[in-house]
Structure formats: structure tokens, C-alpha cells
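The next block is upload03.csv, given as CSV, C-alpha atoms and all ligand atoms.
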chain,number,residue,atom,x,y,z
A,325,MET,CA,23.8,162.4,70.5
A,326,PHE,CA,26.4,164.0,68.3
A,327,THR,CA,25.2,166.5,65.6
A,328,ASP,CA,26.9,167.4,62.3
A,329,VAL,CA,28.3,170.9,62.6
A,330,SER,CA,30.7,170.7,59.7
A,331,GLN,CA,29.2,173.4,57.4
A,332,PRO,CA,28.1,176.9,58.2
A,333,GLY,CA,26.1,177.4,55.0
A,334,PRO,CA,24.9,175.4,52.0
A,335,LEU,CA,27.4,172.8,50.9
A,336,ARG,CA,29.5,174.0,48.0
A,337,HIS,CA,31.8,172.1,45.7
A,338,PHE,CA,34.4,173.1,43.0
A,339,LEU,CA,33.9,170.4,40.5
A,340,GLN,CA,34.0,172.7,37.4
A,341,PHE,CA,35.1,176.3,36.9
A,342,ASN,CA,31.6,177.4,36.5
A,343,ASP,CA,30.4,176.0,39.7
A,344,PHE,CA,31.3,179.4,41.0
A,345,THR,CA,29.8,182.7,39.9
A,346,LYS,CA,32.0,185.3,38.3
A,347,ASN,CA,32.0,187.3,41.5
A,348,GLU,CA,33.1,184.3,43.5
A,349,ILE,CA,35.9,183.6,41.1
A,350,LEU,CA,37.0,187.3,41.3
A,351,HIS,CA,36.8,187.1,45.1
A,352,VAL,CA,39.0,184.0,45.2
A,353,LEU,CA,41.6,185.7,42.9
A,354,GLU,CA,41.6,188.8,45.0
A,355,ARG,CA,42.0,186.8,48.2
A,356,ALA,CA,44.8,184.8,46.6
A,357,ARG,CA,46.7,188.1,46.0
A,358,LEU,CA,46.6,188.8,49.7
A,359,ILE,CA,47.6,185.3,50.6
A,360,LYS,CA,50.5,185.4,48.2
A,361,ASP,CA,51.6,188.7,49.6
A,362,LYS,CA,51.6,187.4,53.2
A,363,PHE,CA,53.4,184.2,52.1
A,364,LYS,CA,56.2,186.3,50.5
A,365,HIS,CA,56.6,188.2,53.8
A,366,TYR,CA,56.5,185.2,56.0
A,367,ALA,CA,53.3,186.5,57.7
A,368,PRO,CA,51.3,183.8,59.3
A,369,HIS,CA,47.9,183.2,57.8
A,370,HIS,CA,46.2,180.4,59.8
A,371,THR,CA,42.6,180.7,58.8
A,372,LEU,CA,42.1,176.9,58.6
A,373,HIS,CA,43.5,176.0,62.0
A,374,ASP,CA,42.4,172.5,63.0
A,375,ARG,CA,40.8,171.8,59.6
A,376,THR,CA,41.7,168.6,57.7
A,377,LEU,CA,41.9,168.1,54.0
A,378,ALA,CA,41.8,164.6,52.5
A,379,MET,CA,43.4,164.2,49.0
A,380,VAL,CA,42.6,161.2,46.8
A,381,PHE,CA,44.8,160.6,43.8
A,382,GLU,CA,43.8,158.1,41.2
A,383,LYS,CA,46.4,159.6,38.8
A,384,ALA,CA,49.9,160.8,39.2
A,385,SER,CA,50.7,164.4,40.4
A,386,THR,CA,53.6,166.6,41.5
A,387,ARG,CA,52.1,170.2,41.5
A,388,THR,CA,48.6,169.4,42.7
A,389,ARG,CA,49.8,167.3,45.5
A,390,VAL,CA,52.5,169.7,46.8
A,391,SER,CA,50.4,172.8,46.4
A,392,PHE,CA,47.4,171.4,48.2
A,393,GLU,CA,49.5,169.7,50.9
A,394,ALA,CA,51.8,172.6,51.6
A,395,GLY,CA,48.9,175.1,51.3
A,396,MET,CA,46.7,173.3,53.9
A,397,TYR,CA,49.6,173.1,56.4
A,398,GLN,CA,50.4,176.8,55.8
A,399,LEU,CA,46.8,177.7,56.6
A,400,GLY,CA,47.2,175.9,59.9
A,401,GLY,CA,45.4,172.7,59.0
A,402,SER,CA,46.5,169.1,58.2
A,403,VAL,CA,46.4,166.8,55.3
A,404,ILE,CA,45.8,163.1,54.5
A,405,TYR,CA,47.1,161.7,51.3
A,406,LEU,CA,45.4,158.7,49.7
A,407,THR,CA,46.0,156.9,46.4
A,408,THR,CA,43.9,154.2,44.7
A,409,GLY,CA,46.8,151.7,45.3
A,410,ASP,CA,47.0,152.3,49.0
A,411,SER,CA,43.3,152.6,49.8
A,412,GLN,CA,40.3,150.3,49.5
A,413,LEU,CA,39.4,152.2,46.3
A,414,GLY,CA,42.0,149.9,44.6
A,415,ARG,CA,40.1,146.9,45.9
A,416,ALA,CA,36.8,148.0,44.4
A,417,GLU,CA,35.2,149.8,47.4
A,418,PRO,CA,32.5,151.9,45.8
A,419,ILE,CA,33.3,155.6,45.4
A,420,GLU,CA,30.0,156.4,47.2
A,421,ASP,CA,31.0,154.5,50.3
A,422,THR,CA,34.4,156.0,50.3
A,423,ALA,CA,32.8,159.5,50.1
A,424,ARG,CA,30.4,158.8,53.0
A,425,VAL,CA,33.3,157.6,55.2
A,426,ILE,CA,36.0,160.1,54.4
A,427,SER,CA,33.6,163.1,54.6
A,428,ARG,CA,32.6,162.1,58.2
A,429,MET,CA,36.2,162.5,59.3
A,430,VAL,CA,37.6,165.5,57.4
A,431,ASP,CA,36.5,169.0,56.5
A,432,LEU,CA,37.4,169.1,52.8
A,433,VAL,CA,38.3,166.7,50.1
A,434,MET,CA,40.3,167.1,46.9
A,435,ILE,CA,40.1,164.3,44.2
A,436,ARG,CA,42.1,163.7,41.0
A,437,THR,CA,40.4,160.9,39.0
A,438,TYR,CA,39.3,159.8,35.6
A,439,GLU,CA,35.6,160.5,34.6
A,440,GLN,CA,33.9,163.7,35.9
A,441,THR,CA,31.0,161.4,36.7
A,442,ARG,CA,33.2,159.6,39.3
A,443,LEU,CA,34.0,162.9,40.9
A,444,GLU,CA,30.3,163.9,40.9
A,445,ARG,CA,29.3,160.6,42.5
A,446,PHE,CA,31.8,161.2,45.3
A,447,ALA,CA,30.5,164.8,45.8
A,448,ALA,CA,26.9,163.6,45.8
A,449,HIS,CA,27.7,161.4,48.8
A,450,SER,CA,30.0,163.8,50.6
A,451,ARG,CA,29.1,165.9,53.7
A,452,VAL,CA,32.0,168.3,53.0
A,453,PRO,CA,33.1,170.4,50.1
A,454,VAL,CA,34.8,168.5,47.2
A,455,ILE,CA,37.5,170.0,44.9
A,456,ASN,CA,38.3,168.8,41.4
A,457,GLY,CA,42.1,168.2,41.3
A,458,LEU,CA,41.8,167.1,37.6
A,459,THR,CA,39.5,164.8,35.8
A,460,ASN,CA,39.5,163.7,32.1
A,461,GLU,CA,37.0,166.5,31.5
A,462,TYR,CA,38.2,169.5,33.6
A,463,HIS,CA,41.1,171.0,35.5
A,464,PRO,CA,39.6,174.1,37.2
A,465,CYS,CA,42.3,174.7,39.9
A,466,GLN,CA,44.9,175.0,37.1
A,467,ILE,CA,42.8,177.6,35.2
A,468,LEU,CA,42.3,179.5,38.4
A,469,ALA,CA,46.1,179.7,38.7
A,470,ASP,CA,46.5,180.5,35.1
A,471,ILE,CA,44.1,183.4,35.2
A,472,PHE,CA,45.7,184.7,38.4
A,473,THR,CA,49.1,184.5,36.6
A,474,PHE,CA,47.8,186.3,33.5
A,475,ILE,CA,46.5,189.2,35.6
A,476,GLU,CA,49.8,189.4,37.5
A,477,HIS,CA,51.8,189.6,34.3
A,478,SER,CA,49.5,191.3,31.8
A,479,GLY,CA,46.6,192.9,33.7
A,480,ALA,CA,42.9,192.3,33.3
A,481,ILE,CA,42.0,189.3,31.1
A,482,GLU,CA,38.6,190.6,30.0
A,483,GLY,CA,38.7,191.4,26.2
A,484,LYS,CA,42.1,189.7,25.7
A,485,THR,CA,42.9,186.7,23.5
A,486,VAL,CA,44.1,183.4,24.8
A,487,ALA,CA,45.4,180.9,22.1
A,488,TRP,CA,45.2,177.2,22.9
A,489,VAL,CA,47.4,175.1,20.7
A,490,GLY,CA,46.7,171.4,20.9
A,491,ASP,CA,44.4,168.7,22.3
A,492,ALA,CA,40.7,169.3,23.2
A,493,ASN,CA,41.4,168.1,26.7
A,494,ASN,CA,40.5,168.9,30.3
A,495,MET,CA,42.5,172.2,30.1
A,496,SER,CA,40.9,173.5,26.9
A,497,TYR,CA,37.3,172.8,28.1
A,498,THR,CA,38.1,174.6,31.3
A,499,TRP,CA,39.6,177.5,29.4
A,500,LEU,CA,36.3,177.7,27.5
A,501,GLN,CA,34.3,177.9,30.7
A,502,ALA,CA,36.5,180.7,32.0
A,503,ALA,CA,36.3,182.6,28.7
A,504,GLU,CA,32.5,182.5,28.8
A,505,MET,CA,32.5,183.7,32.4
A,506,LEU,CA,35.2,186.3,32.4
A,507,GLY,CA,34.7,187.7,28.9
A,508,PHE,CA,37.9,186.9,27.0
A,509,HIS,CA,38.4,185.4,23.5
A,510,LEU,CA,39.6,181.8,23.2
A,511,HIS,CA,41.3,180.7,20.0
A,512,VAL,CA,41.7,177.0,19.6
A,513,SER,CA,43.7,175.0,17.1
A,514,ALA,CA,43.9,171.2,17.1
A,515,PRO,CA,44.4,168.5,14.5
A,516,GLU,CA,41.4,166.7,13.1
A,517,GLY,CA,40.1,164.0,15.4
A,518,TYR,CA,41.2,166.0,18.5
A,519,ARG,CA,39.1,169.1,18.2
A,520,LEU,CA,36.5,170.4,20.7
A,521,ASP,CA,33.3,168.4,20.6
A,522,PRO,CA,30.3,170.7,19.8
A,523,ARG,CA,28.1,168.5,21.9
A,524,ARG,CA,30.2,169.6,24.9
A,525,THR,CA,30.8,173.2,23.9
A,526,GLY,CA,27.3,174.0,22.9
A,527,VAL,CA,27.1,177.4,21.2
A,528,PRO,CA,29.3,179.8,23.2
A,529,PRO,CA,28.3,183.5,23.3
A,530,ALA,CA,29.4,185.4,20.2
A,531,GLY,CA,33.1,186.3,20.2
A,532,VAL,CA,34.1,183.8,22.9
A,533,LEU,CA,35.4,180.9,20.8
A,534,ARG,CA,37.1,180.7,17.4
A,535,GLU,CA,38.6,177.5,16.0
A,536,PHE,CA,41.5,177.5,13.5
A,537,ASP,CA,42.9,174.8,11.3
A,538,ASP,CA,46.3,176.5,11.4
A,539,PRO,CA,47.9,176.9,14.9
A,540,LEU,CA,49.8,179.9,13.7
A,541,GLN,CA,46.6,181.7,12.8
A,542,ALA,CA,45.2,180.9,16.2
A,543,CYS,CA,48.1,182.6,17.8
A,544,ARG,CA,48.1,185.7,15.7
A,545,GLY,CA,47.8,188.7,18.0
A,546,ALA,CA,47.2,186.6,21.1
A,547,HIS,CA,48.1,187.9,24.5
A,548,LEU,CA,48.6,184.4,25.9
A,549,VAL,CA,49.8,181.4,24.1
A,550,THR,CA,49.3,178.1,25.9
A,551,THR,CA,49.5,174.4,25.2
A,552,ASP,CA,49.6,171.0,27.0
A,553,VAL,CA,50.9,167.5,26.4
A,554,TRP,CA,49.8,165.7,23.3
A,555,THR,CA,48.7,162.7,25.5
A,556,SER,CA,46.9,163.3,28.7
A,557,MET,CA,46.9,160.9,31.6
A,558,GLY,CA,44.6,158.0,30.9
A,559,TYR,CA,45.0,158.2,27.1
A,560,GLU,CA,48.5,156.5,26.9
A,561,ALA,CA,47.2,153.8,24.6
A,562,GLU,CA,46.8,156.5,21.9
A,563,ASN,CA,50.3,157.8,22.3
A,564,GLU,CA,51.7,156.8,18.9
A,565,ALA,CA,48.7,158.0,16.9
A,566,ARG,CA,48.8,161.3,18.8
A,567,ARG,CA,52.5,161.8,18.2
A,568,LYS,CA,51.8,161.7,14.5
A,569,ALA,CA,48.6,163.8,14.6
A,570,PHE,CA,50.1,166.6,16.7
A,571,ALA,CA,53.5,166.9,15.0
A,572,ASN,CA,52.6,170.3,13.6
A,573,TRP,CA,50.9,171.6,16.8
A,574,ARG,CA,54.1,172.7,18.6
A,575,VAL,CA,54.6,176.1,20.1
A,576,ASP,CA,58.0,177.4,19.0
A,577,ALA,CA,59.7,180.8,18.3
A,578,ALA,CA,57.8,181.2,15.1
A,579,THR,CA,54.5,180.7,16.9
A,580,MET,CA,55.4,183.3,19.6
A,581,ALA,CA,56.6,185.7,16.8
A,582,VAL,CA,53.0,186.1,15.5
A,583,ALA,CA,51.5,186.6,18.9
A,584,ALA,CA,51.2,190.1,20.5
A,585,PRO,CA,54.7,191.6,21.1
A,586,ASP,CA,54.2,191.3,24.9
A,587,ALA,CA,52.5,187.9,24.8
A,588,ILE,CA,53.2,185.4,27.5
A,589,PHE,CA,53.5,181.6,27.3
A,590,MET,CA,51.9,179.2,29.8
A,591,HIS,CA,51.9,175.4,30.2
A,592,CYS,CA,50.3,173.6,33.1
A,593,LEU,CA,53.2,171.2,33.3
A,594,PRO,CA,54.6,168.6,33.1
A,595,ALA,CA,55.9,169.6,29.7
A,596,HIS,CA,57.7,167.6,26.9
A,597,ARG,CA,60.3,169.9,25.3
A,598,GLY,CA,60.5,169.1,21.6
A,599,GLU,CA,57.0,167.9,21.4
A,600,GLU,CA,54.2,170.4,22.2
A,601,VAL,CA,56.6,173.1,23.1
A,602,ALA,CA,60.1,174.0,22.0
A,603,GLY,CA,62.8,174.5,24.7
A,604,GLU,CA,63.4,178.0,23.4
A,605,VAL,CA,59.8,179.0,24.3
A,606,ILE,CA,59.3,177.3,27.7
A,607,ASP,CA,62.7,178.3,28.8
A,608,GLY,CA,62.6,181.7,27.1
A,609,PRO,CA,61.8,185.2,28.2
A,610,GLN,CA,58.0,185.1,27.4
A,611,SER,CA,57.5,182.0,29.5
A,612,VAL,CA,55.8,182.4,32.9
A,613,VAL,CA,55.4,178.7,33.7
A,614,TRP,CA,57.2,178.8,37.0
A,615,ASP,CA,55.1,181.6,38.3
A,616,GLU,CA,52.1,179.7,37.0
A,617,ALA,CA,53.1,176.6,38.9
A,618,GLU,CA,53.7,178.5,42.1
A,619,ASN,CA,50.4,180.3,41.9
A,620,ARG,CA,48.6,176.9,42.2
A,621,LEU,CA,49.6,177.2,45.9
A,622,HIS,CA,48.2,180.7,46.4
A,623,VAL,CA,44.9,180.3,44.5
A,624,GLN,CA,44.1,176.9,46.1
A,625,LYS,CA,44.7,178.3,49.6
A,626,ALA,CA,42.1,181.0,48.7
A,627,LEU,CA,39.8,178.4,47.3
A,628,MET,CA,40.0,176.2,50.4
A,629,GLU,CA,39.3,179.2,52.6
A,630,PHE,CA,36.3,180.2,50.5
A,631,LEU,CA,34.8,176.7,50.6
A,632,LEU,CA,35.2,176.4,54.3
A,633,LEU,CA,34.7,179.9,55.6
A,634,GLY,CA,32.9,181.8,52.8
A,635,GLU,CA,33.9,185.3,51.7
A,636,LEU,CA,36.6,186.7,54.1
A,637,ARG,CA,37.0,190.4,53.6
A,638,ASP,CA,39.2,191.4,56.5
A,639,PRO,CA,42.8,191.8,55.3
A,640,ALA,CA,43.9,191.0,58.8
A,641,THR,CA,42.6,187.4,58.6
B,701,LIG,N1,49.6,170.9,36.4
B,701,LIG,C1,49.4,169.9,37.2
B,701,LIG,O1,48.2,169.6,37.6
B,701,LIG,O2,50.5,169.2,37.6
B,701,LIG,P1,50.5,167.8,38.4
B,701,LIG,O3,50.0,166.8,37.4
B,701,LIG,O4,52.0,167.6,38.7
B,701,LIG,O5,49.7,167.9,39.6
B,702,LIG,N1,46.0,167.4,30.3
B,702,LIG,C1,47.0,166.9,31.2
B,702,LIG,C2,47.2,167.8,32.4
B,702,LIG,C3,48.2,167.4,33.4
B,702,LIG,C4,48.3,168.3,34.6
B,702,LIG,C5,46.5,165.6,31.7
B,702,LIG,O1,45.3,165.4,32.0
B,702,LIG,O2,47.4,164.6,31.9
Let me see whether you can do it: turn the structure in this file into C-alpha cells.
Ligand code: CP
Ligand code: NVA
Amino acid sequence: MFTDVSQPGPLRHFLQFNDFTKNEILHVLERARLIKDKFKHYAPHHTLHDRTLAMVFEKASTRTRVSFEAGMYQLGGSVIYLTTGDSQLGRAEPIEDTARVISRMVDLVMIRTYEQTRLERFAAHSRVPVINGLTNEYHPCQILADIFTFIEHSGAIEGKTVAWVGDANNMSYTWLQAAEMLGFHLHVSAPEGYRLDPRRTGVPPAGVLREFDDPLQACRGAHLVTTDVWTSMGYEAENEARRKAFANWRVDAATMAVAAPDAIFMHCLPAHRGEEVAGEVIDGPQSVVWDEAENRLHVQKALMEFLLLGELRDPAT
């Protein structure tokens, strides 16, 4: 008789940013610092030797795929890449059955899909940890990388102000979870019809969230200005309406001029120059978007380690 020995402790997932405690997030960020440092020095770091990650993509990706795939190989493990089109998911195999099967064969799963509930259904039937690689509702791996990048460039994020210009999408709701947990201020400005839904935000603690009609006011004094595409994946049918609605929600030099003098600019990418961000900003001196993209690799390696091995404290490992 074979027994299931896949997990040392209780099964943990990373489906939303606040699935982790503040201390766990801080641990992952600290560990990512060590992992990045070793990577830069070509020092081997094979903590996940012989482990296998399955990645399931139901939407397109460049950064998420490359960072998870390269990251797992660099940790000594291996990766299986699946898409809806080339798996039985595209022929209507239930997500629950897919979860039951995949999770008997691998150690860890990352999924990019549409509804958060679809991800949750997978996780509910998985024997191994599941990571949210983006859903319509949340993008927690990206925010982990963004916070790591902020700390790298600007120091502690607690008490600082992050200005979000644009759609109330997966990124903005994840920023809000992070602001509540880590104690920074989130300023949000979006056109009518595309604003945060109070049924989803609830009533955040005092001082965490401020909403502005004018994007310029949202960015005044901010330490980080960030934005995202006007139309996220899965919403393409709304493209024309969104192009009109978001025309004044563009981060340009005038926007950066009202932010703090040492403010930085981030964008999760892919970006549309001339739409949500002017070329002069994304390609300008305040932009840290390439570090931000690279940091997906380092934070996700720390995240995978944490989910499979728990809190590693020894710098030698
Ligand atoms: N930022 C991000 O998740 O990029 P990809 O869509 O390329 O994975
Ligand atoms: N909000 C964007 C992020 C892409 C990484 C989308 O969901 O398409």
C-alpha cells in the first residue's frame, strides 16, 4: 500500500494575498532577498530538488510563465506547462477532476484562470499547494513582486502612499489587500463605472483607502504611481467603451510631476504606451518596471519554497 507523503504540515495555498499572515509575507520577502542575491552571484540554490510544479494557463502569459518555469528549474525542480487548449480542460473535463489527477502527480500547482471561484474549486480538490497566477479578481504574485521592488528602491512601505490610476481590476483589489495588511495608504482613481465595488472592499481600516475623481489628485505626494491596461484579459468585448472611458486616466509626465520628488513608477506589464502610460514615463528615469518584472522570479522562488518547505531560516540553504 502506498501512502500520501506529499505534505509535511497542513496544506497551504496562495490564492489571495491575505491567505498569508503579515509575518509570512515578510518572511517570503526576506527570503526572496537572499535568493536574489545568490542568483546574482551564480550561487546554486537547489532547495526544491526533485520537486515538480504543474502550471495551468487558461489565459496568455509571458512573465508569469517564464518566472515560474525558470524559477522552479533554478531551485532544482522541474515543470510541466499546460494550457486549456492542449489539455482536457479544453474539452470540458471538470476542474475538480483535473485537480484530483494533477495533484497526485506533482508537488505544487500554479494556475492562471478566469473566476476566482474556478481557482478555489481546483484548490478544494488538490492534494498539493495551489498558487494564483492571476484570476479576474486577484494577482497576488505580482503584488508580492511589486512590494519587494518598492522596498528595494524606496525602503519600507509602511506609512507610504501608493497611487493607483485606472481600472478596479485584479491588481487594484490585491493592492488593497496588501495596504490593509502592511499598513500603507492606497489612493485610487478610476472613471465612473470602473471604480472599486464597495461590496468587495468592505470598509477598510481608517487611512488605508482614499478614492479620487481626479487622477492627478490621487497621485499628489504619492511615493509610488502605478497603473495597468484599460482592458484586462477576458474583458476584450468592452474594449471600445473602455478606451473612451479611460482616456483621461493616463500616467504621463504631468502626473509624475505632482507625485513625491523621488516617486517611482510601476506597471505589471504588458503595457500600452500612449494609452494608460506615456512612453516618457514607462521609459523614463522614475520607472522601475524592468526590476519589477525580474523580481517576479525571485519572490516566486521564495513563495514556492515557503509552500513546500515552510519557513527556512538558514542562509546556507
Ligand atoms: N504581469 C504579468 O503577470 O505578466 P504576464 O501576463 O506576461 O504573465
Ligand atoms: N490586469 C491585467 C494584468 C495582466 C498581467 C489582466 O488581467 O489582463
With distances taken over all atoms listed in the file, the candidate from A:His591, A:Lys625, A:His511, A:Arg424 nearest ligand LIG 701 (chain B) is A:His591
For ligand LIG 701 (chain B), which of A:Met557, A:Leu353, A:Ala577, A:Ala514 is the closest residue, counting only C-alpha atoms and all ligand atoms?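 Between A:Met557, A:Leu353, A:Ala577, A:Ala514, the residue approaching ligand LIG 701 (chain B) most closely is A:Met557.
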**Prompt:** Can you tell me, as a PyMOL selection string, what residues are no more than 9 Å from region 370-382 of chain A when counting only C-alpha atoms, ignoring any on the same chain fewer than 4 positions away?
**Reply:** chain A and resi 389+392-393+396-409+413+426-427+429-438+457+628-629+632-633+641
Given 9 Å and all atoms listed in the file, residues near ligand LIG 702 (chain B) as a compact mmCIF listing (two decimals) with C-alpha atoms, keeping the file's coordinate frame:
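Output (selection-v1.txt):
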# COMPACT_ATOMS: atom_id res chain seq x y z
CA LYS A 383 46.40 159.60 38.80
CA ALA A 384 49.90 160.80 39.20
CA SER A 385 50.70 164.40 40.40
CA THR A 386 53.60 166.60 41.50
CA ARG A 387 52.10 170.20 41.50
CA THR A 388 48.60 169.40 42.70
CA TYR A 438 39.30 159.80 35.60
CA LEU A 458 41.80 167.10 37.60
CA THR A 459 39.50 164.80 35.80
CA ASN A 460 39.50 163.70 32.10
CA GLU A 461 37.00 166.50 31.50
CA TYR A 462 38.20 169.50 33.60
CA HIS A 463 41.10 171.00 35.50
CA GLN A 466 44.90 175.00 37.10
CA ASP A 491 44.40 168.70 22.30
CA ASN A 493 41.40 168.10 26.70
CA ASN A 494 40.50 168.90 30.30
CA MET A 495 42.50 172.20 30.10
CA SER A 496 40.90 173.50 26.90
CA ASP A 552 49.60 171.00 27.00
CA VAL A 553 50.90 167.50 26.40
CA TRP A 554 49.80 165.70 23.30
CA THR A 555 48.70 162.70 25.50
CA SER A 556 46.90 163.30 28.70
CA MET A 557 46.90 160.90 31.60
CA GLY A 558 44.60 158.00 30.90
CA TYR A 559 45.00 158.20 27.10
CA CYS A 592 50.30 173.60 33.10
CA LEU A 593 53.20 171.20 33.30
CA PRO A 594 54.60 168.60 33.10
CA ALA A 595 55.90 169.60 29.70
(request) Using CA of Phe589 (chain A) and CA of Val612 (chain A) as the two end points, give the distance in Å to one decimal. (result)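 Straight-line distance from CA of Phe589 (chain A) to CA of Val612 (chain A) works out to 6.1 Å.
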With distances taken over only C-alpha atoms, the candidate from A:Gln412, A:Gln624, A:Thr485, A:Ser391 nearest Leu548 (chain A) is A:Thr485
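When CA of Arg524 (chain A) is paired with CA of Thr441 (chain A), their separation reads 14.4 Å.
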Closest of A:Ala448, A:Asp470, A:Phe630, A:Glu604 to ligand LIG 701 (chain B), counting only C-alpha atoms and all ligand atoms, is A:Asp470
Could you rebuild region 471-480 of chain A with all heavy atoms and give me the result as a PDB file, in the frame of the given file?
ATOM      1  N   ILE A 471      44.717 182.107  35.305  1.00  0.00           N
ATOM      2  CA  ILE A 471      44.100 183.400  35.200  1.00  0.00           C
ATOM      3  C   ILE A 471      44.763 184.402  36.192  1.00  0.00           C
ATOM      4  O   ILE A 471      45.071 185.542  35.865  1.00  0.00           O
ATOM      5  CB  ILE A 471      42.586 183.348  35.341  1.00  0.00           C
ATOM      6  CG1 ILE A 471      42.031 182.683  34.075  1.00  0.00           C
ATOM      7  CG2 ILE A 471      41.953 184.720  35.559  1.00  0.00           C
ATOM      8  CD1 ILE A 471      40.634 182.213  34.164  1.00  0.00           C
ATOM      9  N   PHE A 472      45.017 183.912  37.383  1.00  0.00           N
ATOM     10  CA  PHE A 472      45.700 184.700  38.400  1.00  0.00           C
ATOM     11  C   PHE A 472      47.093 185.163  37.807  1.00  0.00           C
ATOM     12  O   PHE A 472      47.496 186.329  37.918  1.00  0.00           O
ATOM     13  CB  PHE A 472      45.919 183.901  39.660  1.00  0.00           C
ATOM     14  CG  PHE A 472      46.579 184.644  40.783  1.00  0.00           C
ATOM     15  CD1 PHE A 472      45.824 185.396  41.683  1.00  0.00           C
ATOM     16  CD2 PHE A 472      47.948 184.579  40.975  1.00  0.00           C
ATOM     17  CE1 PHE A 472      46.429 186.076  42.730  1.00  0.00           C
ATOM     18  CE2 PHE A 472      48.565 185.250  42.024  1.00  0.00           C
ATOM     19  CZ  PHE A 472      47.800 185.999  42.901  1.00  0.00           C
ATOM     20  N   THR A 473      47.777 184.222  37.168  1.00  0.00           N
ATOM     21  CA  THR A 473      49.100 184.500  36.600  1.00  0.00           C
ATOM     22  C   THR A 473      49.015 185.497  35.458  1.00  0.00           C
ATOM     23  O   THR A 473      49.851 186.390  35.326  1.00  0.00           O
ATOM     24  CB  THR A 473      49.755 183.179  36.127  1.00  0.00           C
ATOM     25  OG1 THR A 473      49.687 182.222  37.184  1.00  0.00           O
ATOM     26  CG2 THR A 473      51.203 183.377  35.714  1.00  0.00           C
ATOM     27  N   PHE A 474      47.977 185.324  34.624  1.00  0.00           N
ATOM     28  CA  PHE A 474      47.800 186.300  33.500  1.00  0.00           C
ATOM     29  C   PHE A 474      47.627 187.677  34.064  1.00  0.00           C
ATOM     30  O   PHE A 474      48.288 188.622  33.618  1.00  0.00           O
ATOM     31  CB  PHE A 474      46.588 185.876  32.652  1.00  0.00           C
ATOM     32  CG  PHE A 474      46.442 186.775  31.449  1.00  0.00           C
ATOM     33  CD1 PHE A 474      47.049 186.457  30.243  1.00  0.00           C
ATOM     34  CD2 PHE A 474      45.736 187.974  31.539  1.00  0.00           C
ATOM     35  CE1 PHE A 474      46.959 187.318  29.143  1.00  0.00           C
ATOM     36  CE2 PHE A 474      45.641 188.840  30.447  1.00  0.00           C
ATOM     37  CZ  PHE A 474      46.249 188.501  29.248  1.00  0.00           C
ATOM     38  N   ILE A 475      46.759 187.823  35.049  1.00  0.00           N
ATOM     39  CA  ILE A 475      46.500 189.200  35.600  1.00  0.00           C
ATOM     40  C   ILE A 475      47.753 189.755  36.216  1.00  0.00           C
ATOM     41  O   ILE A 475      48.050 190.933  36.040  1.00  0.00           O
ATOM     42  CB  ILE A 475      45.320 189.071  36.635  1.00  0.00           C
ATOM     43  CG1 ILE A 475      44.014 188.660  35.931  1.00  0.00           C
ATOM     44  CG2 ILE A 475      45.139 190.390  37.378  1.00  0.00           C
ATOM     45  CD1 ILE A 475      42.876 188.272  36.858  1.00  0.00           C
ATOM     46  N   GLU A 476      48.512 188.909  36.900  1.00  0.00           N
ATOM     47  CA  GLU A 476      49.800 189.400  37.500  1.00  0.00           C
ATOM     48  C   GLU A 476      50.732 189.935  36.464  1.00  0.00           C
ATOM     49  O   GLU A 476      51.371 190.958  36.683  1.00  0.00           O
ATOM     50  CB  GLU A 476      50.481 188.151  38.128  1.00  0.00           C
ATOM     51  CG  GLU A 476      50.637 188.188  39.596  1.00  0.00           C
ATOM     52  CD  GLU A 476      51.406 186.986  40.124  1.00  0.00           C
ATOM     53  OE1 GLU A 476      51.775 186.058  39.375  1.00  0.00           O
ATOM     54  OE2 GLU A 476      51.640 186.995  41.333  1.00  0.00           O
ATOM     55  N   HIS A 477      50.832 189.251  35.329  1.00  0.00           N
ATOM     56  CA  HIS A 477      51.800 189.600  34.300  1.00  0.00           C
ATOM     57  C   HIS A 477      51.281 190.660  33.316  1.00  0.00           C
ATOM     58  O   HIS A 477      52.021 191.501  32.830  1.00  0.00           O
ATOM     59  CB  HIS A 477      52.332 188.419  33.560  1.00  0.00           C
ATOM     60  CG  HIS A 477      53.334 187.646  34.342  1.00  0.00           C
ATOM     61  ND1 HIS A 477      54.676 187.909  34.285  1.00  0.00           N
ATOM     62  CD2 HIS A 477      53.178 186.637  35.229  1.00  0.00           C
ATOM     63  CE1 HIS A 477      55.323 187.095  35.103  1.00  0.00           C
ATOM     64  NE2 HIS A 477      54.433 186.308  35.690  1.00  0.00           N
ATOM     65  N   SER A 478      49.987 190.556  32.990  1.00  0.00           N
ATOM     66  CA  SER A 478      49.500 191.300  31.800  1.00  0.00           C
ATOM     67  C   SER A 478      48.253 192.166  32.153  1.00  0.00           C
ATOM     68  O   SER A 478      47.713 192.797  31.243  1.00  0.00           O
ATOM     69  CB  SER A 478      49.117 190.328  30.711  1.00  0.00           C
ATOM     70  OG  SER A 478      50.194 189.469  30.439  1.00  0.00           O
ATOM     71  N   GLY A 479      47.779 192.137  33.378  1.00  0.00           N
ATOM     72  CA  GLY A 479      46.600 192.900  33.700  1.00  0.00           C
ATOM     73  C   GLY A 479      45.297 192.199  33.417  1.00  0.00           C
ATOM     74  O   GLY A 479      45.300 190.986  33.196  1.00  0.00           O
ATOM     75  N   ALA A 480      44.205 192.962  33.397  1.00  0.00           N
ATOM     76  CA  ALA A 480      42.900 192.300  33.300  1.00  0.00           C
ATOM     77  C   ALA A 480      42.802 191.417  32.048  1.00  0.00           C
ATOM     78  O   ALA A 480      43.383 191.711  30.994  1.00  0.00           O
ATOM     79  CB  ALA A 480      41.826 193.445  33.127  1.00  0.00           C
TER      80      ALA A 480
END
